[in-house]
Amino acid sequence: MKKNIYQPLEAVIEEVIQETPTIKTFVLRPKFDFSFQTGQFIEMTVPGLGEAPFTPSSDPGVKEKIDITIMNVGTVTSKLHTMNKGEVVGIRGPYGKGYPLDKFKGKDVLIAGGGVGLAPLRSLLFSLFSDIDSYNKVVLRYGSRTPSDIVYKNSIPEWAKKKKVDVVTTVDVGDNTWKGNVGLVTTILKDLPVDLNKAVVIVCGPPIMMKFVTLKLLELGFSLKDIYLSMEKSMSCGLGKCGHCRVGKFYACKDGPVFTYEDLKDIHDIWE
Ligand SMILES: Cc1cc2nc3c(=O)[nH]c(=O)nc-3n(C[C@H](O)[C@H](O)[C@H](O)COP(=O)(O)OP(=O)(O)OC[C@H]3O[C@@H](n4cnc5c(N)ncnc54)[C@H](O)[C@@H]3O)c2cc1C
Ligand code: FES
């Protein structure tokens, strides 16, 4: 019998971590062999309700479990947020092209994240950390709305202590516990410890953040081909068949979701 390419396979929720008031990380144990490359995405199904695309946030080197970090925004995600350890979801994939790690080797790798956009970037960070001698340095700049909206709160200070890693975070609005930077992510993109001639930048966050970060990077002199954007366009099949995710001449699911700004620069509505 022909295999149904849309058929999700089962994965058990092994742990649920409350990251922020609206974001949870689900640690899943697939009941089948599963592996992914950093930056690829999966379609996750809530039985009887529907499915939605997410990018694993865990280390691709760990095969038996995957972490999916999910913001509660609508029908599928709000149902997922009610699910607990032991319950079963469906997953299919992985789909799309991941981050082109070979193109980052020997470079200063700048990572700019906003909000839940740090999820795919966490998986990228794990990949870079596991082979850190292949990269010149890793520079993370991350912003969230408030201190309580910071994801992976306990991990970020640990990442900052690693060799060749430089981390700065910011919040749009501080509170009396917050001693760090206050301002949009663009405000922590000045005086970057990177050499523009051998740097790549990977950006992931809400569309408005991606737009203004990209404009700032261009102003700073980064080349269009060195700016990588994760385009979280509305998707359905995930397989390049339905056309839902069209971005200009590309299908975000099949040709992306990671694109260089050079690929996208002439498309009018990329930030919408
Ligand atoms: C490749 C890819 C990877 C993604 N990775 C993650 C991830 O790791 N973590 C995460 O929290 N989210 C991720 N998203 C976004 C996630 O897929 C949506 O938030 C989800 O589909 C919303 O489904 P829903 O049924 O809960 O919301 P719906 O009821 O469908 O919609 C609720 C609201 O969310 C908006 N929305 C719907 N789909 C998207 C979308 N694709 N992107 C942005 N806004 C949307 C709608 O405009 C609406 O305002 C990713 C999206 C893509 C395409
Ligand atoms: S989601 Fe169907 S073509 Fe991309």
# chains A, B, ... in the order shown; residues from 1 in each chain; ligands from 1
>>> residues_around(residues="Lys233 of chain A", least_positions_apart="5", cutoff="10 Å", atoms="only C-alpha atoms", output="PyMOL selection string")
chain A and resi 53+207+244-247+251-253+256-257+270-272
>>> residues_near_ligand(ligand="ligand 1", cutoff="8 Å", atoms="only C-alpha atoms and all ligand atoms", output="NGL selection string")
:A and (23 or 40-42 or 50-57 or 68-79 or 116-117 or 119-120 or 206 or 230-235 or 245 or 252-253 or 257)
>>> write_last_selection(atoms="C-alpha atoms", output="mmCIF file, in the first residue's frame")
data_model
loop_
_atom_site.group_PDB
_atom_site.id
_atom_site.type_symbol
_atom_site.label_atom_id
_atom_site.label_comp_id
_atom_site.auth_asym_id
_atom_site.auth_seq_id
_atom_site.Cartn_x
_atom_site.Cartn_y
_atom_site.Cartn_z
ATOM 1 C CA ILE A 23 5.149 29.882 26.106
ATOM 2 C CA GLN A 40 13.972 22.275 9.740
ATOM 3 C CA PHE A 41 10.353 22.203 10.956
ATOM 4 C CA ILE A 42 7.692 19.610 11.746
ATOM 5 C CA GLY A 50 -5.708 20.029 13.615
ATOM 6 C CA GLU A 51 -2.020 20.637 13.059
ATOM 7 C CA ALA A 52 0.479 23.495 13.060
ATOM 8 C CA PRO A 53 4.141 23.908 12.064
ATOM 9 C CA PHE A 54 6.891 24.272 14.684
ATOM 10 C CA THR A 55 10.686 24.231 14.577
ATOM 11 C CA PRO A 56 12.327 21.916 17.129
ATOM 12 C CA SER A 57 14.272 23.867 19.737
ATOM 13 C CA ILE A 68 9.143 21.985 20.758
ATOM 14 C CA THR A 69 8.723 25.459 22.278
ATOM 15 C CA ILE A 70 5.245 26.797 21.607
ATOM 16 C CA MET A 71 3.576 30.177 22.090
ATOM 17 C CA ASN A 72 -0.158 30.039 22.808
ATOM 18 C CA VAL A 73 -1.745 32.101 19.999
ATOM 19 C CA GLY A 74 -4.811 30.254 18.695
ATOM 20 C CA THR A 75 -6.765 27.040 18.192
ATOM 21 C CA VAL A 76 -4.062 24.359 18.015
ATOM 22 C CA THR A 77 -1.546 26.055 20.290
ATOM 23 C CA SER A 78 -4.102 26.765 23.045
ATOM 24 C CA LYS A 79 -5.166 23.099 23.043
ATOM 25 C CA VAL A 116 9.631 32.802 20.883
ATOM 26 C CA GLY A 117 11.918 33.205 17.838
ATOM 27 C CA ALA A 119 13.217 28.448 19.778
ATOM 28 C CA PRO A 120 14.813 27.492 16.423
ATOM 29 C CA PRO A 206 8.138 38.368 15.017
ATOM 30 C CA SER A 230 13.588 32.216 9.218
ATOM 31 C CA MET A 231 10.293 32.906 7.435
ATOM 32 C CA GLU A 232 7.409 31.556 9.519
ATOM 33 C CA LYS A 233 4.802 31.984 6.772
ATOM 34 C CA SER A 234 1.380 30.442 7.121
ATOM 35 C CA MET A 235 1.651 26.797 6.046
ATOM 36 C CA CYS A 245 3.274 29.350 2.018
ATOM 37 C CA ALA A 252 8.634 28.706 2.321
ATOM 38 C CA CYS A 253 8.072 25.072 3.337
ATOM 39 C CA PRO A 257 11.971 28.252 5.865
#
>>> closest_residue(among="A:Leu229, A:Asp131, A:Ile188, A:Val46", to="Cys204 of chain A", atoms="only C-alpha atoms")
A:Leu229
>>> select_by_dssp(residues="segment 137-205 of chain A", states="helix (DSSP H, G or I)", output="PyMOL selection string")
chain A and resi 147-149+155-160+185-188+196-198
>>> closest_residue(among="A:Ile150, A:Asp266, A:Val201, A:Glu43", to="ligand 2", atoms="only C-alpha atoms and all ligand atoms")
A:Glu43
>>> residues_around(residues="Leu189 of chain A", least_positions_apart="5", cutoff="9 Å", atoms="only C-alpha atoms", output="list in words")
Ala112, Arg141, Val213, Lys216, Leu217 and Leu220 of chain A
>>> residues_around(residues="Leu9 of chain A", least_positions_apart="6", cutoff="10 Å", atoms="only C-alpha atoms", output="list of chain:residue names")
A:Pro30, A:Lys31, A:Phe32, A:Met44, A:Thr45, A:Val88, A:Val89, A:Gly90, A:Ile91, A:Arg92, A:Gly93
>>> select_by_dssp(residues="segment 14-51 of chain A", states="strand (DSSP E)", output="list in words")
Glu14, Glu15, Val16, Ile17, Gln18, Glu19, Thr20, Ile23, Lys24, Thr25, Phe26, Val27, Leu28, Arg29, Pro30, Phe41, Ile42, Glu43, Met44, Thr45, Val46, Gly50 and Glu51 of chain A
>>> write_last_selection(atoms="N, CA and C atoms", output="PDB file, in the first residue's frame")
ATOM      1  N   GLU A  14       6.685  13.946  27.191  1.00  0.00           N
ATOM      2  CA  GLU A  14       7.415  13.405  28.343  1.00  0.00           C
ATOM      3  C   GLU A  14       7.544  14.439  29.463  1.00  0.00           C
ATOM      4  N   GLU A  15       7.504  15.705  29.071  1.00  0.00           N
ATOM      5  CA  GLU A  15       7.646  16.776  30.070  1.00  0.00           C
ATOM      6  C   GLU A  15       7.085  18.058  29.469  1.00  0.00           C
ATOM      7  N   VAL A  16       6.530  18.914  30.311  1.00  0.00           N
ATOM      8  CA  VAL A  16       6.059  20.223  29.848  1.00  0.00           C
ATOM      9  C   VAL A  16       6.723  21.278  30.730  1.00  0.00           C
ATOM     10  N   ILE A  17       7.438  22.212  30.099  1.00  0.00           N
ATOM     11  CA  ILE A  17       8.155  23.248  30.859  1.00  0.00           C
ATOM     12  C   ILE A  17       7.500  24.597  30.573  1.00  0.00           C
ATOM     13  N   GLN A  18       7.046  25.263  31.635  1.00  0.00           N
ATOM     14  CA  GLN A  18       6.442  26.598  31.475  1.00  0.00           C
ATOM     15  C   GLN A  18       7.585  27.603  31.355  1.00  0.00           C
ATOM     16  N   GLU A  19       7.794  28.144  30.156  1.00  0.00           N
ATOM     17  CA  GLU A  19       8.915  29.075  29.940  1.00  0.00           C
ATOM     18  C   GLU A  19       8.527  30.498  30.351  1.00  0.00           C
ATOM     19  N   THR A  20       7.326  30.914  29.929  1.00  0.00           N
ATOM     20  CA  THR A  20       6.816  32.262  30.214  1.00  0.00           C
ATOM     21  C   THR A  20       5.306  32.098  30.398  1.00  0.00           C
ATOM     22  N   ILE A  23       4.300  30.797  26.896  1.00  0.00           N
ATOM     23  CA  ILE A  23       5.149  29.882  26.106  1.00  0.00           C
ATOM     24  C   ILE A  23       5.513  28.654  26.939  1.00  0.00           C
ATOM     25  N   LYS A  24       5.328  27.475  26.334  1.00  0.00           N
ATOM     26  CA  LYS A  24       5.729  26.226  27.004  1.00  0.00           C
ATOM     27  C   LYS A  24       6.642  25.431  26.082  1.00  0.00           C
ATOM     28  N   THR A  25       7.579  24.693  26.681  1.00  0.00           N
ATOM     29  CA  THR A  25       8.380  23.739  25.910  1.00  0.00           C
ATOM     30  C   THR A  25       7.854  22.338  26.192  1.00  0.00           C
ATOM     31  N   PHE A  26       7.548  21.610  25.116  1.00  0.00           N
ATOM     32  CA  PHE A  26       7.072  20.225  25.201  1.00  0.00           C
ATOM     33  C   PHE A  26       8.229  19.312  24.826  1.00  0.00           C
ATOM     34  N   VAL A  27       8.600  18.435  25.761  1.00  0.00           N
ATOM     35  CA  VAL A  27       9.642  17.443  25.468  1.00  0.00           C
ATOM     36  C   VAL A  27       8.915  16.200  24.968  1.00  0.00           C
ATOM     37  N   LEU A  28       9.162  15.835  23.716  1.00  0.00           N
ATOM     38  CA  LEU A  28       8.442  14.718  23.090  1.00  0.00           C
ATOM     39  C   LEU A  28       9.354  13.527  22.891  1.00  0.00           C
ATOM     40  N   ARG A  29       8.800  12.344  23.079  1.00  0.00           N
ATOM     41  CA  ARG A  29       9.533  11.118  22.740  1.00  0.00           C
ATOM     42  C   ARG A  29       8.794  10.447  21.588  1.00  0.00           C
ATOM     43  N   PRO A  30       9.319  10.567  20.352  1.00  0.00           N
ATOM     44  CA  PRO A  30       8.638   9.934  19.214  1.00  0.00           C
ATOM     45  C   PRO A  30       8.638   8.424  19.368  1.00  0.00           C
ATOM     46  N   PHE A  41      11.554  22.147  10.123  1.00  0.00           N
ATOM     47  CA  PHE A  41      10.353  22.203  10.956  1.00  0.00           C
ATOM     48  C   PHE A  41       9.549  20.907  10.847  1.00  0.00           C
ATOM     49  N   ILE A  42       8.618  20.757  11.774  1.00  0.00           N
ATOM     50  CA  ILE A  42       7.692  19.610  11.746  1.00  0.00           C
ATOM     51  C   ILE A  42       6.256  20.141  11.729  1.00  0.00           C
ATOM     52  N   GLU A  43       5.321  19.302  11.342  1.00  0.00           N
ATOM     53  CA  GLU A  43       3.894  19.585  11.548  1.00  0.00           C
ATOM     54  C   GLU A  43       3.474  18.754  12.757  1.00  0.00           C
ATOM     55  N   MET A  44       2.855  19.424  13.739  1.00  0.00           N
ATOM     56  CA  MET A  44       2.458  18.744  14.977  1.00  0.00           C
ATOM     57  C   MET A  44       0.934  18.709  15.037  1.00  0.00           C
ATOM     58  N   THR A  45       0.384  17.523  15.275  1.00  0.00           N
ATOM     59  CA  THR A  45      -1.076  17.346  15.247  1.00  0.00           C
ATOM     60  C   THR A  45      -1.635  17.134  16.641  1.00  0.00           C
ATOM     61  N   VAL A  46      -2.721  17.858  16.933  1.00  0.00           N
ATOM     62  CA  VAL A  46      -3.513  17.537  18.117  1.00  0.00           C
ATOM     63  C   VAL A  46      -4.647  16.652  17.610  1.00  0.00           C
ATOM     64  N   GLY A  50      -6.421  19.456  14.756  1.00  0.00           N
ATOM     65  CA  GLY A  50      -5.708  20.029  13.615  1.00  0.00           C
ATOM     66  C   GLY A  50      -4.215  20.040  13.859  1.00  0.00           C
ATOM     67  N   GLU A  51      -3.480  20.650  12.931  1.00  0.00           N
ATOM     68  CA  GLU A  51      -2.020  20.637  13.059  1.00  0.00           C
ATOM     69  C   GLU A  51      -1.454  22.021  12.815  1.00  0.00           C
TER      70      GLU A  51
END
>>> closest_residue(among="A:Arg145, A:Thr38, A:Ile132, A:Leu140", to="Pro157 of chain A", atoms="only C-alpha atoms")
A:Leu140
>>> atom_distance(atom1="atom CA of Pro147 of chain A", atom2="atom CA of Glu219 of chain A")
28.3 Å
